[in-house]
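To start, the structure under review is shown below, and the notes come after it.
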Amino acid sequence: MPDQPWPEQNDIAQIILSSLGEGVVVINRDSRITLINQAAATLLETTPDQALNQLWSDITRTHENDQEISLTDRTFSQVLETGITVVTAQSDNRYYLTKSGRKFPIAATTSPISVNNQIVGAVKIFRDITIEKEASRAIEQAVSERTQQLNWEKARLTTSINSLPNGFILTDPNNNIIVINHSALNILDLPHSTNQLSQIENRFSPSYDLKTAHESCLKDETTLTVPEITLGSKFIKLFISPIYISNGATDDYLGSAFLITDITEQKVLERSKDEFFSIASHELRTPLTAVRGNSSMLLDYYGPQLTNPEMRFMIEDIHNSSIRLLEIVNDFLNVSRLEQSRIVFKKTEFDVIQLAKDVVGELQTITPPPTVPLTIAIPENPLPPVSADRDRAKQILFNLLGNAIKFTTVGGVEISFVILTTHLEIVVTDTGRGIPPAQQGLLFHKFQQAGESLFTRDTTRGTGLGLYISRLLVEGMGGKIRLVKSEPEKGSVFAFTLPLALNSTPESSHPQTA
């Protein structure tokens with residue numbers, strides 16, 4: 001194929017100008033158009049032939065916003081005067097107005113043309129930015145609406161935070177306080193100018209080392225709850241939570257949230273309640289002891305003279321009721337002492353097999369005696385000793401066995417043992433009525449009984465404090481108590497653990513029944 005002839009230089013320039021998507025106009029010092037490409041002519045609603053030698057100001061007028069710009073302030077006049085390139089950006093809000101009245105926004109660059117260091121004209125390259133302008137306007141509208149929405153959300157959030165009864169503090173990674181509500185200032189007695197976490201740390205000192213606690217949370221990336229801190233005459237509950245955002249393989253630390261609750265009134269009420277129970281229980285014990293002792297003496301010394309069955313029944317009823325009331329009072333006193341940490345555990349090393357034998361022996365002597373057999377599954381190998389308060393452990397086992405006997409009429413009750421890594425578990429199994437599934441979650445809580453209804457109390461079963469007291473006692477000795485399983489009409493399995501003595505060596509064994 002023969003080579004195509006290469007166009008002349010002027011033709012090449014004309015081809016380039018015609019192919020440009022932007023408008024190109026050359027203006028001489030007389031402000032007349034000496035060159036214009038097709039893109040510029042189309043935008044200005046003219047033709048290249050019509051526009052040549054025309055005054056630039058006759059072809060189009062320039063507006064800034066809605067105000068027309070004077071001839072001397074137009075960019076081509078400034079370039080011809082100063083010889084400095086002028087760039088017209090979208091933000092300048094410049095518009096071209098054609099003879100037909102069409103107005104469109106433009107972005108342009110106007111540069112001087114020099115010959116022998118003399119400015120002989122200017123070249124202007126411009127384009128219609130209507131689409132860009134509309135897109136920008138839409139973006140600005142969206143940003144404005146989103147900003148307004150964020151401001152509303154911020155206002156709602158700020159109002160919500162300030163209306164919280166709990167103190168709320170939010171910090172940035174540099175421990176500057178971003179948010180602190182009115183409750184936090186009031187609870188901690190801080191000035192409104194508080195803006196550094198160090199001021200909060202100083203307020204907690206010396207009662208609580210907040211700085212170390214906060215650093216520990218950051219190191220472990222965990223939350224922290226401090227149930228009670230004494231600050232002067234106030235009791236404070238504190239919650240600390242570091243805030244992280246996932247960033248691929250790592251998490252970026254954004255700051256920390258502190259939630260502060262004034263529990264002073266709650267503590268006062270609890271203390272008043274505990275003191276009431278304690279005082280009332282002590283005051284009740286003296287007259288009840290007298291009633292029990294006197295009724296017992298009447299039955300013991302004047303029993304043969306009580307020939308009237310109704311009179312004898314009434315005295316026996318007085319005696320039995322006084323015993324029950326004393327048991328209730330003792331439960332109240334035990335709960336009060338345990339909750340106020342006023343019970344001292346006298347830990348010793350002892351054998352749980354002998355403990356079980358002692359408890360079973362005592363239960364056999366009560367009136368009336370158990371109606372079902374009590375057995376102890378004794379392992380083939382000796383059990384290691386445990387380290388706990390023997391009297392308290394006996395009280396726990398006595399309570400579990402008493403409940404099992406009370407609810408078992410067919411079958412029997414068995415005590416067995418399981419050796420764990422650091423604890424020894426004592427298991428009480430019965431074949432009694434069992435506990436309904438819906439009520440199993442209520443066990444080990446204060447004043448809760450495992451009957452079908454919370455509002456119908458079985459007076460043969462006590463106050464609902466037995467298992468709660470047992471839980472407090474076990475936990476006070478470093479163990480746990482639990483309901484292993486229970487099925488209605490099939491029986492229940494309860495278990496509690498006690499720590500093994502330090503020098504004991506656990507070894508597995510097979511049980512033998514005693």
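Simple scheme: letters A, B, ... for chains in structure tokens order, numbers from 1 for residues in each chain, numbers from 1 for ligands in the order shown.
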- Message: Show me, as a VMD selection string, the residues that have an atom within 10 Å of stretch 249-254 of chain A when counting only C-alpha atoms, minus same-chain residues fewer than 2 positions from it.
- Response: chain A and resid 171 to 174 218 221 242 to 247 256
Closest atom pairs, stretch 128-242 of chain A residues within 7 Å of stretch 92-107 of chain A, only C-alpha atoms, as JSON lines:
```
{"residue": "A:Asp128", "atom": "CA", "partner": "A:Ile106", "partner_atom": "CA", "distance": 4.9}
{"residue": "A:Ile129", "atom": "CA", "partner": "A:Ile106", "partner_atom": "CA", "distance": 5.4}
{"residue": "A:Thr130", "atom": "CA", "partner": "A:Pro105", "partner_atom": "CA", "distance": 5.7}
```
Determine which residues of stretch 54-89 of chain A DSSP labels as strand (DSSP E or B) from the backbone of this structure, then write them out as a PDB file with C-alpha atoms, in the first residue's frame.
```pdb
ATOM      1  CA  LEU A  55     -15.078  41.177  18.581  1.00  0.00           C
ATOM      2  CA  ARG A  61     -20.688  37.986  27.439  1.00  0.00           C
ATOM      3  CA  THR A  62     -19.242  36.807  30.742  1.00  0.00           C
ATOM      4  CA  HIS A  63     -21.186  36.642  34.007  1.00  0.00           C
ATOM      5  CA  GLU A  64     -20.065  35.904  37.529  1.00  0.00           C
ATOM      6  CA  GLN A  67     -23.664  39.846  37.524  1.00  0.00           C
ATOM      7  CA  GLU A  68     -22.176  40.712  34.102  1.00  0.00           C
ATOM      8  CA  VAL A  86      -5.437  33.293  34.121  1.00  0.00           C
ATOM      9  CA  VAL A  87      -7.227  30.097  35.123  1.00  0.00           C
ATOM     10  CA  THR A  88     -10.995  30.185  35.632  1.00  0.00           C
TER      11      THR A  88
END
```
- Selection: 6 Å around stretch 415-427 of chain A, only C-alpha atoms, excl. self and same-chain fewer than 3 positions, as a VMD selection string: chain A and resid 376 to 377 494 to 500
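The space separating atom CA of A:Thr408 from atom CA of A:Val360 comes to 15.5 Å.
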- Which of these, A:Ser387, A:Ser295, A:Asn399, A:Gln199, has the shortest distance to A:Gly479 once you count only C-alpha atoms? A:Ser387
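Proximity to A:Gln78 was assessed for A:Pro112, A:Pro309, A:Pro368, A:Pro206 counting only C-alpha atoms; the smallest distance is recorded for A:Pro112.
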- Message: Would you pick out the contacts of A:Asp430 at 8 Å or less, using only C-alpha atoms, so that residues sharing its chain but fewer than 2 positions from it are not included, and give the list as a list of chain:residue names?
- Response: A:Ala404, A:Ile405, A:Thr408, A:Gly411, A:Gly412, A:Val413, A:Glu414, A:Val428, A:Gly432, A:Gly491, A:Ser492, A:Val493
- Message: Considering only helix (DSSP H, G or I) as DSSP defines it on the backbone, what residues of stretch 100-272 of chain A qualify? List them as a VMD selection string.
- Response: chain A and resid 130 to 163 182 to 188 197 to 204 210 to 220 264 to 272
- Top pick for closest residue to A:Asp209, considering A:Gly83, A:Met314, A:Leu238, A:Val474 and counting only C-alpha atoms: A:Leu238
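Each of A:Asn181, A:Asn53, A:Gln149, A:Thr348 was compared to A:Ser163 using only C-alpha atoms, and A:Asn181 turns out to be the nearest.
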- Message: List the spatial neighbours of A:Thr194 as a PyMOL selection string - criterion: any atom at most 9 Å away, only C-alpha atoms, same-chain residues fewer than 3 positions off excluded.
- Response: chain A and resi 177+180+185+190-191+197+199-200
